[in-house]
Amino acid sequence: MSIQTIEDTKVKAFPTPAKPAAVIAFTAKARRRFDPIAIAGSLATALVPPVIVIAFMLVVWQIACSSPTASLPPPSQVWNEAYDLIAHPFFNNGPQDIGLAWRVLISLQRVAIGFGLAAIVGVALGALVGQSIWAMRGLDPVFQILRTVPPLAWLPLSLAAFRDSSPSALFVIFITSIWPIIINTAVGVRNIPQDYRNVARILRLNQFEFFVKIMVPAAAPYIFTGLRIGIGLSWLAIVAAEMLTGGVGIGFFIWDAWNSSRLPDIIVALAYIGVTGFCLDRLVAAVGAFVTRGTTAK
Amino acid sequence: MTAYLKLDHIDKSFTRGSQVSEVLKDIRLTIDKGEFVSIIGHSGCGKSTLLNLIAGLTRVSAGAVLLENKEVDSPGPERAVVFQNHSLLPWLTVYENISLAVSKVFGRTKSRAERHDWIMRNLDLVQMAHARDKRPAEISGGMKQRVGIARALAMQPKILLLDEPFGALDALTRAHLQDAVMDIHSRLGSTTIMITHDVDEAVLLSDRIVMMTNGPAATIGEVLAVPLARPRRRVELSSDRTFLRCREAVLKFLYERHRFVEAAE
Ligand SMILES: Nc1ncnc2c1ncn2[C@@H]1O[C@H](COP(=O)(O)OP(=O)(O)OP(=O)(O)O)[C@@H](O)[C@H]1O
Ligand SMILES: [Mg+2]
């Protein structure tokens, strides 16, 4: 009897209609209207939980560090001693005494140069490596090893090579962030479907046109994954890099504050670095989402 | 008179390591200008391989593909391919997909305005002008295939190569597109080679049907001329004597003389 039932289901499966094409057109037409209440609601669900958690952590921290023997300052002390830094991010009292926002901007400029170079060189190298299976096999293990070298470890080499602190600092940022960009770009290029390559061959696109019109857009999701990891790493390298250059960056500020034992200042600077890094990550992710829109669905 | 397209004793084998697999053996065929030829055969016999050889996407192992007496050795826009899975670039809109081809092929010879008109002409030809700003992900399978055809036509190819263009579509959409292809062929007179699995489709569209034997080392088993007047209408033909005779000849070839053997590989 059981065979009978199996046959029944098989027969029923046949007249299933193909998916109607019109449905696709409908979803594309539907537009979301601007709805302030819904936006406020979603904003609240996004903001309220982290605010509660942060408040809770501050309270715990305050209690833990309140005893006079505590080695770290509690939040209240940070607030009192570093009030100038917190309340006035943009003050400017001469060359060495400026607000933290200025310092962050100066560090960002450094990261922009180092990371920008890493992005250009990384995508180009990744595209080259990804084009050739042998280059991939030979170079991938090397990249995987170099990728794990921490930023500080590049410092001495970089100083020895450049004999000048400013290019050395940029080099440290560059070399820290380039590996994931190369690796991800190469994987993306390897994964370009043969069909797209065939289209390019039939149209006789030259190397440059192929790179711009097929390779970069086809590998864009991978490239942006690499860029996102890369910008995180380059921001991680900023303290190491600015230990070299001195000057006015946020990284050097921490180094300087440590040398003059200003712990509250360090804590405020850490918060600045964290928030900035978070924003950088979101910025690259948003650019990536914008650039690769519509390409993920096949 | 020499043939427009000549497949001259073509062999094709693939080598992987020390293993050589012979896919095509001694393919001989001539095709006239303006002809519509279908290639039919069981799955895996080497139809796509043959089409890729004509397109220049793969090289022959022996023999030659001659188009207007010139040997084909690399792909080019004068042999445009419509792929089975459309292969539109998903990050470009319908218009941009065609524009990529048009600006590459006619970038020097047509002005910007002329190129725009040419793109819209080809979109109109497949009735897709209304979706020019949509991305491939936003249109249906049949529409994508139409755009793929428009892209190929927009290259103004000497030969249009279709690799199972309607294979992935439902019967109704498939019939619509077959009519569209017939209409385009009658208007432009483009030389067309189409791969198909579908006997009715082959008889309805073709001037000649090329039937391939099973692999390995597949070759052309038989070529059947379809002496049906154009324009052809599917409803009238369904009871036409010639149509039925052709259909039967192809079916006999495929299912009696060259049955697909599952264990052939
Ligand atoms: N690049 C390749 N390397 C090795 N073997 C290949 C290659 N391309 C195709 N083949 C082999 O050639 C044979 C014919 O393949 P082909 O894709 O041409 O068949 P087909 O007739 O188009 O089949 P289908 O109707 O399923 O599309 C297959 O046995 C396949 O394994
Ligand atoms: Mg095939």
# chains A, B, ... in the order shown; residues from 1 in each chain; ligands from 1
>>> interface_residues(of="chain B", to="chain A", cutoff="6 Å", atoms="only C-alpha atoms", output="PyMOL selection string")
chain B and resi 75-77+87+90-91+137+140
>>> residues_near_ligand(ligand="ligand 1", cutoff="12 Å", atoms="only C-alpha atoms and all ligand atoms", output="ChimeraX atom specification")
/A:194 /B:12-17,19-25,39-53,57-59,83-85,162-165,167-168,194-198,211-219,260,264-265
>>> select_by_dssp(residues="stretch 2-124 of chain B", states="helix (DSSP H, G or I)", output="MDAnalysis selection string")
chainID B and resid 47:55 94:106 112:124
>>> atom_distance(atom1="atom CA of A:Val48", atom2="atom CA of A:Ile231")
28.0 Å
>>> residues_around(residues="stretch 230-236 of chain B", least_positions_apart="3", cutoff="8 Å", atoms="only C-alpha atoms", output="tab-separated table (two decimals) with N, CA and C atoms, in the first residue's frame")
chain	number	residue	atom	x	y	z
B	186	SER	N	13.07	36.59	-39.62
B	186	SER	CA	12.48	36.94	-40.92
B	186	SER	C	12.74	38.40	-41.26
B	204	LEU	N	9.97	23.69	-35.86
B	204	LEU	CA	9.25	24.94	-36.07
B	204	LEU	C	10.18	26.06	-36.57
B	239	SER	N	-0.90	20.27	-37.40
B	239	SER	CA	-1.51	19.16	-38.13
B	239	SER	C	-0.96	19.06	-39.56
B	240	ASP	N	0.08	19.83	-39.85
B	240	ASP	CA	0.64	19.84	-41.19
B	240	ASP	C	1.43	18.55	-41.46
>>> select_by_dssp(residues="stretch 58-108 of chain B", states="strand (DSSP E)", output="PyMOL selection string")
chain B and resi 62-67+70-71+79-82
>>> write_last_selection(atoms="N, CA, C and O atoms", output="compact mmCIF listing (two decimals), in the first residue's frame")
# COMPACT_ATOMS: atom_id res chain seq x y z
N ALA B 62 41.57 19.73 -34.09
CA ALA B 62 41.99 19.52 -35.47
C ALA B 62 40.89 20.05 -36.37
O ALA B 62 39.74 20.17 -35.94
N GLY B 63 41.23 20.37 -37.62
CA GLY B 63 40.23 20.93 -38.53
C GLY B 63 40.14 22.43 -38.35
O GLY B 63 40.99 23.04 -37.70
N ALA B 64 39.08 23.03 -38.91
CA ALA B 64 38.98 24.48 -38.84
C ALA B 64 37.53 24.94 -38.94
O ALA B 64 36.69 24.27 -39.55
N VAL B 65 37.25 26.08 -38.30
CA VAL B 65 35.99 26.78 -38.49
C VAL B 65 36.28 27.94 -39.44
O VAL B 65 37.15 28.76 -39.15
N LEU B 66 35.59 27.99 -40.57
CA LEU B 66 35.83 29.06 -41.53
C LEU B 66 34.57 29.90 -41.69
O LEU B 66 33.51 29.39 -42.04
N LEU B 67 34.70 31.20 -41.42
CA LEU B 67 33.59 32.12 -41.64
C LEU B 67 34.00 33.04 -42.77
O LEU B 67 35.00 33.74 -42.67
N LYS B 70 37.53 32.84 -43.76
CA LYS B 70 38.58 33.22 -42.81
C LYS B 70 38.48 32.33 -41.58
O LYS B 70 37.39 32.07 -41.07
N GLU B 71 39.63 31.87 -41.09
CA GLU B 71 39.60 30.94 -39.97
C GLU B 71 39.23 31.67 -38.68
O GLU B 71 39.72 32.75 -38.39
N ARG B 79 30.36 37.02 -33.98
CA ARG B 79 29.71 35.74 -33.68
C ARG B 79 29.13 35.83 -32.28
O ARG B 79 29.69 35.34 -31.31
N ALA B 80 27.99 36.50 -32.15
CA ALA B 80 27.41 36.78 -30.84
C ALA B 80 26.73 35.54 -30.27
O ALA B 80 26.09 34.80 -31.00
N VAL B 81 26.88 35.34 -28.97
CA VAL B 81 26.30 34.17 -28.32
C VAL B 81 25.21 34.60 -27.35
O VAL B 81 25.38 35.56 -26.60
N VAL B 82 24.07 33.89 -27.38
CA VAL B 82 23.07 34.01 -26.32
C VAL B 82 23.22 32.77 -25.45
O VAL B 82 23.00 31.66 -25.92
>>> closest_residue(among="B:Val60, B:Ala249, B:Leu254, B:Val203", to="B:Leu237", atoms="only C-alpha atoms")
B:Val203
>>> atom_distance(atom1="atom CA of B:Arg121", atom2="atom CA of B:Leu169")
24.7 Å
>>> decode(residues="stretch 91-106 of chain B", atoms="all heavy atoms", output="PDB file, in the first residue's frame")
ATOM      1  N   TRP B  91      25.136  43.885 -12.221  1.00  0.00           N
ATOM      2  CA  TRP B  91      25.288  45.237 -11.659  1.00  0.00           C
ATOM      3  C   TRP B  91      24.911  46.314 -12.675  1.00  0.00           C
ATOM      4  O   TRP B  91      24.924  47.492 -12.357  1.00  0.00           O
ATOM      5  CB  TRP B  91      26.727  45.464 -11.170  1.00  0.00           C
ATOM      6  CG  TRP B  91      27.768  45.201 -12.203  1.00  0.00           C
ATOM      7  CD1 TRP B  91      28.246  46.081 -13.100  1.00  0.00           C
ATOM      8  CD2 TRP B  91      28.439  43.971 -12.448  1.00  0.00           C
ATOM      9  NE1 TRP B  91      29.169  45.478 -13.900  1.00  0.00           N
ATOM     10  CE2 TRP B  91      29.315  44.184 -13.523  1.00  0.00           C
ATOM     11  CE3 TRP B  91      28.367  42.698 -11.863  1.00  0.00           C
ATOM     12  CZ2 TRP B  91      30.130  43.169 -14.020  1.00  0.00           C
ATOM     13  CZ3 TRP B  91      29.182  41.709 -12.366  1.00  0.00           C
ATOM     14  CH2 TRP B  91      30.052  41.948 -13.426  1.00  0.00           C
ATOM     15  N   LEU B  92      24.578  45.918 -13.896  1.00  0.00           N
ATOM     16  CA  LEU B  92      24.167  46.886 -14.908  1.00  0.00           C
ATOM     17  C   LEU B  92      22.675  46.751 -15.169  1.00  0.00           C
ATOM     18  O   LEU B  92      22.110  45.667 -15.059  1.00  0.00           O
ATOM     19  CB  LEU B  92      24.928  46.637 -16.213  1.00  0.00           C
ATOM     20  CG  LEU B  92      26.447  46.771 -16.168  1.00  0.00           C
ATOM     21  CD1 LEU B  92      27.040  46.479 -17.536  1.00  0.00           C
ATOM     22  CD2 LEU B  92      26.860  48.148 -15.702  1.00  0.00           C
ATOM     23  N   THR B  93      22.050  47.870 -15.545  1.00  0.00           N
ATOM     24  CA  THR B  93      20.655  47.801 -15.935  1.00  0.00           C
ATOM     25  C   THR B  93      20.554  47.157 -17.318  1.00  0.00           C
ATOM     26  O   THR B  93      21.554  46.944 -17.991  1.00  0.00           O
ATOM     27  CB  THR B  93      20.014  49.199 -16.010  1.00  0.00           C
ATOM     28  OG1 THR B  93      20.695  49.937 -17.033  1.00  0.00           O
ATOM     29  CG2 THR B  93      20.134  49.939 -14.695  1.00  0.00           C
ATOM     30  N   VAL B  94      19.315  46.854 -17.708  1.00  0.00           N
ATOM     31  CA  VAL B  94      19.061  46.286 -19.024  1.00  0.00           C
ATOM     32  C   VAL B  94      19.721  47.146 -20.102  1.00  0.00           C
ATOM     33  O   VAL B  94      20.451  46.657 -20.966  1.00  0.00           O
ATOM     34  CB  VAL B  94      17.535  46.196 -19.242  1.00  0.00           C
ATOM     35  CG1 VAL B  94      17.202  46.001 -20.701  1.00  0.00           C
ATOM     36  CG2 VAL B  94      16.966  45.068 -18.389  1.00  0.00           C
ATOM     37  N   TYR B  95      19.475  48.453 -19.997  1.00  0.00           N
ATOM     38  CA  TYR B  95      20.027  49.380 -20.989  1.00  0.00           C
ATOM     39  C   TYR B  95      21.549  49.343 -20.992  1.00  0.00           C
ATOM     40  O   TYR B  95      22.192  49.261 -22.033  1.00  0.00           O
ATOM     41  CB  TYR B  95      19.515  50.799 -20.691  1.00  0.00           C
ATOM     42  CG  TYR B  95      19.967  51.840 -21.679  1.00  0.00           C
ATOM     43  CD1 TYR B  95      19.195  52.126 -22.796  1.00  0.00           C
ATOM     44  CD2 TYR B  95      21.146  52.538 -21.490  1.00  0.00           C
ATOM     45  CE1 TYR B  95      19.593  53.092 -23.709  1.00  0.00           C
ATOM     46  CE2 TYR B  95      21.556  53.491 -22.397  1.00  0.00           C
ATOM     47  CZ  TYR B  95      20.779  53.770 -23.500  1.00  0.00           C
ATOM     48  OH  TYR B  95      21.182  54.716 -24.402  1.00  0.00           O
ATOM     49  N   GLU B  96      22.122  49.371 -19.784  1.00  0.00           N
ATOM     50  CA  GLU B  96      23.591  49.415 -19.681  1.00  0.00           C
ATOM     51  C   GLU B  96      24.232  48.123 -20.184  1.00  0.00           C
ATOM     52  O   GLU B  96      25.326  48.146 -20.747  1.00  0.00           O
ATOM     53  CB  GLU B  96      24.002  49.667 -18.231  1.00  0.00           C
ATOM     54  CG  GLU B  96      23.710  51.074 -17.760  1.00  0.00           C
ATOM     55  CD  GLU B  96      23.763  51.210 -16.253  1.00  0.00           C
ATOM     56  OE1 GLU B  96      23.691  50.177 -15.541  1.00  0.00           O
ATOM     57  OE2 GLU B  96      23.852  52.336 -15.770  1.00  0.00           O
ATOM     58  N   ASN B  97      23.546  47.005 -19.954  1.00  0.00           N
ATOM     59  CA  ASN B  97      24.070  45.734 -20.464  1.00  0.00           C
ATOM     60  C   ASN B  97      24.235  45.789 -21.976  1.00  0.00           C
ATOM     61  O   ASN B  97      25.248  45.333 -22.519  1.00  0.00           O
ATOM     62  CB  ASN B  97      23.121  44.594 -20.089  1.00  0.00           C
ATOM     63  CG  ASN B  97      23.595  43.838 -18.857  1.00  0.00           C
ATOM     64  OD1 ASN B  97      24.586  43.119 -18.910  1.00  0.00           O
ATOM     65  ND2 ASN B  97      22.887  44.029 -17.755  1.00  0.00           N
ATOM     66  N   ILE B  98      23.232  46.336 -22.648  1.00  0.00           N
ATOM     67  CA  ILE B  98      23.309  46.406 -24.100  1.00  0.00           C
ATOM     68  C   ILE B  98      24.265  47.505 -24.523  1.00  0.00           C
ATOM     69  O   ILE B  98      25.046  47.344 -25.462  1.00  0.00           O
ATOM     70  CB  ILE B  98      21.903  46.613 -24.689  1.00  0.00           C
ATOM     71  CG1 ILE B  98      21.057  45.385 -24.330  1.00  0.00           C
ATOM     72  CG2 ILE B  98      21.952  46.806 -26.193  1.00  0.00           C
ATOM     73  CD1 ILE B  98      19.636  45.486 -24.723  1.00  0.00           C
ATOM     74  N   SER B  99      24.258  48.578 -23.752  1.00  0.00           N
ATOM     75  CA  SER B  99      25.138  49.692 -24.064  1.00  0.00           C
ATOM     76  C   SER B  99      26.617  49.284 -23.990  1.00  0.00           C
ATOM     77  O   SER B  99      27.444  49.753 -24.776  1.00  0.00           O
ATOM     78  CB  SER B  99      24.830  50.837 -23.104  1.00  0.00           C
ATOM     79  OG  SER B  99      25.882  51.749 -23.094  1.00  0.00           O
ATOM     80  N   LEU B 100      26.937  48.394 -23.053  1.00  0.00           N
ATOM     81  CA  LEU B 100      28.316  47.905 -22.949  1.00  0.00           C
ATOM     82  C   LEU B 100      28.761  47.282 -24.270  1.00  0.00           C
ATOM     83  O   LEU B 100      29.853  47.553 -24.773  1.00  0.00           O
ATOM     84  CB  LEU B 100      28.422  46.880 -21.820  1.00  0.00           C
ATOM     85  CG  LEU B 100      29.772  46.189 -21.629  1.00  0.00           C
ATOM     86  CD1 LEU B 100      30.779  47.165 -21.060  1.00  0.00           C
ATOM     87  CD2 LEU B 100      29.651  44.979 -20.716  1.00  0.00           C
ATOM     88  N   ALA B 101      27.860  46.467 -24.842  1.00  0.00           N
ATOM     89  CA  ALA B 101      28.183  45.815 -26.112  1.00  0.00           C
ATOM     90  C   ALA B 101      28.226  46.836 -27.247  1.00  0.00           C
ATOM     91  O   ALA B 101      29.159  46.843 -28.054  1.00  0.00           O
ATOM     92  CB  ALA B 101      27.158  44.726 -26.415  1.00  0.00           C
ATOM     93  N   VAL B 102      27.233  47.724 -27.263  1.00  0.00           N
ATOM     94  CA  VAL B 102      27.126  48.652 -28.391  1.00  0.00           C
ATOM     95  C   VAL B 102      28.294  49.637 -28.403  1.00  0.00           C
ATOM     96  O   VAL B 102      28.873  49.921 -29.457  1.00  0.00           O
ATOM     97  CB  VAL B 102      25.776  49.399 -28.343  1.00  0.00           C
ATOM     98  CG1 VAL B 102      25.753  50.550 -29.328  1.00  0.00           C
ATOM     99  CG2 VAL B 102      24.645  48.437 -28.647  1.00  0.00           C
ATOM    100  N   SER B 103      28.673  50.141 -27.213  1.00  0.00           N
ATOM    101  CA  SER B 103      29.754  51.126 -27.229  1.00  0.00           C
ATOM    102  C   SER B 103      31.083  50.456 -27.568  1.00  0.00           C
ATOM    103  O   SER B 103      31.997  51.110 -28.066  1.00  0.00           O
ATOM    104  CB  SER B 103      29.840  51.883 -25.906  1.00  0.00           C
ATOM    105  OG  SER B 103      29.831  50.989 -24.842  1.00  0.00           O
ATOM    106  N   LYS B 104      31.195  49.153 -27.301  1.00  0.00           N
ATOM    107  CA  LYS B 104      32.434  48.465 -27.671  1.00  0.00           C
ATOM    108  C   LYS B 104      32.476  48.200 -29.184  1.00  0.00           C
ATOM    109  O   LYS B 104      33.499  48.389 -29.837  1.00  0.00           O
ATOM    110  CB  LYS B 104      32.524  47.148 -26.890  1.00  0.00           C
ATOM    111  CG  LYS B 104      33.811  46.391 -27.074  1.00  0.00           C
ATOM    112  CD  LYS B 104      35.027  47.158 -26.579  1.00  0.00           C
ATOM    113  CE  LYS B 104      36.289  46.464 -27.059  1.00  0.00           C
ATOM    114  NZ  LYS B 104      37.482  47.234 -26.855  1.00  0.00           N
ATOM    115  N   VAL B 105      31.333  47.792 -29.736  1.00  0.00           N
ATOM    116  CA  VAL B 105      31.322  47.408 -31.155  1.00  0.00           C
ATOM    117  C   VAL B 105      31.219  48.631 -32.065  1.00  0.00           C
ATOM    118  O   VAL B 105      31.854  48.695 -33.114  1.00  0.00           O
ATOM    119  CB  VAL B 105      30.165  46.424 -31.426  1.00  0.00           C
ATOM    120  CG1 VAL B 105      30.105  46.061 -32.903  1.00  0.00           C
ATOM    121  CG2 VAL B 105      30.327  45.171 -30.588  1.00  0.00           C
ATOM    122  N   PHE B 106      30.395  49.606 -31.659  1.00  0.00           N
ATOM    123  CA  PHE B 106      30.152  50.764 -32.532  1.00  0.00           C
ATOM    124  C   PHE B 106      30.720  52.059 -31.967  1.00  0.00           C
ATOM    125  O   PHE B 106      30.342  53.144 -32.405  1.00  0.00           O
ATOM    126  CB  PHE B 106      28.648  50.930 -32.771  1.00  0.00           C
ATOM    127  CG  PHE B 106      28.034  49.745 -33.466  1.00  0.00           C
ATOM    128  CD1 PHE B 106      27.191  48.887 -32.790  1.00  0.00           C
ATOM    129  CD2 PHE B 106      28.313  49.496 -34.794  1.00  0.00           C
ATOM    130  CE1 PHE B 106      26.633  47.789 -33.422  1.00  0.00           C
ATOM    131  CE2 PHE B 106      27.769  48.403 -35.441  1.00  0.00           C
ATOM    132  CZ  PHE B 106      26.921  47.546 -34.755  1.00  0.00           C
TER     133      PHE B 106
END
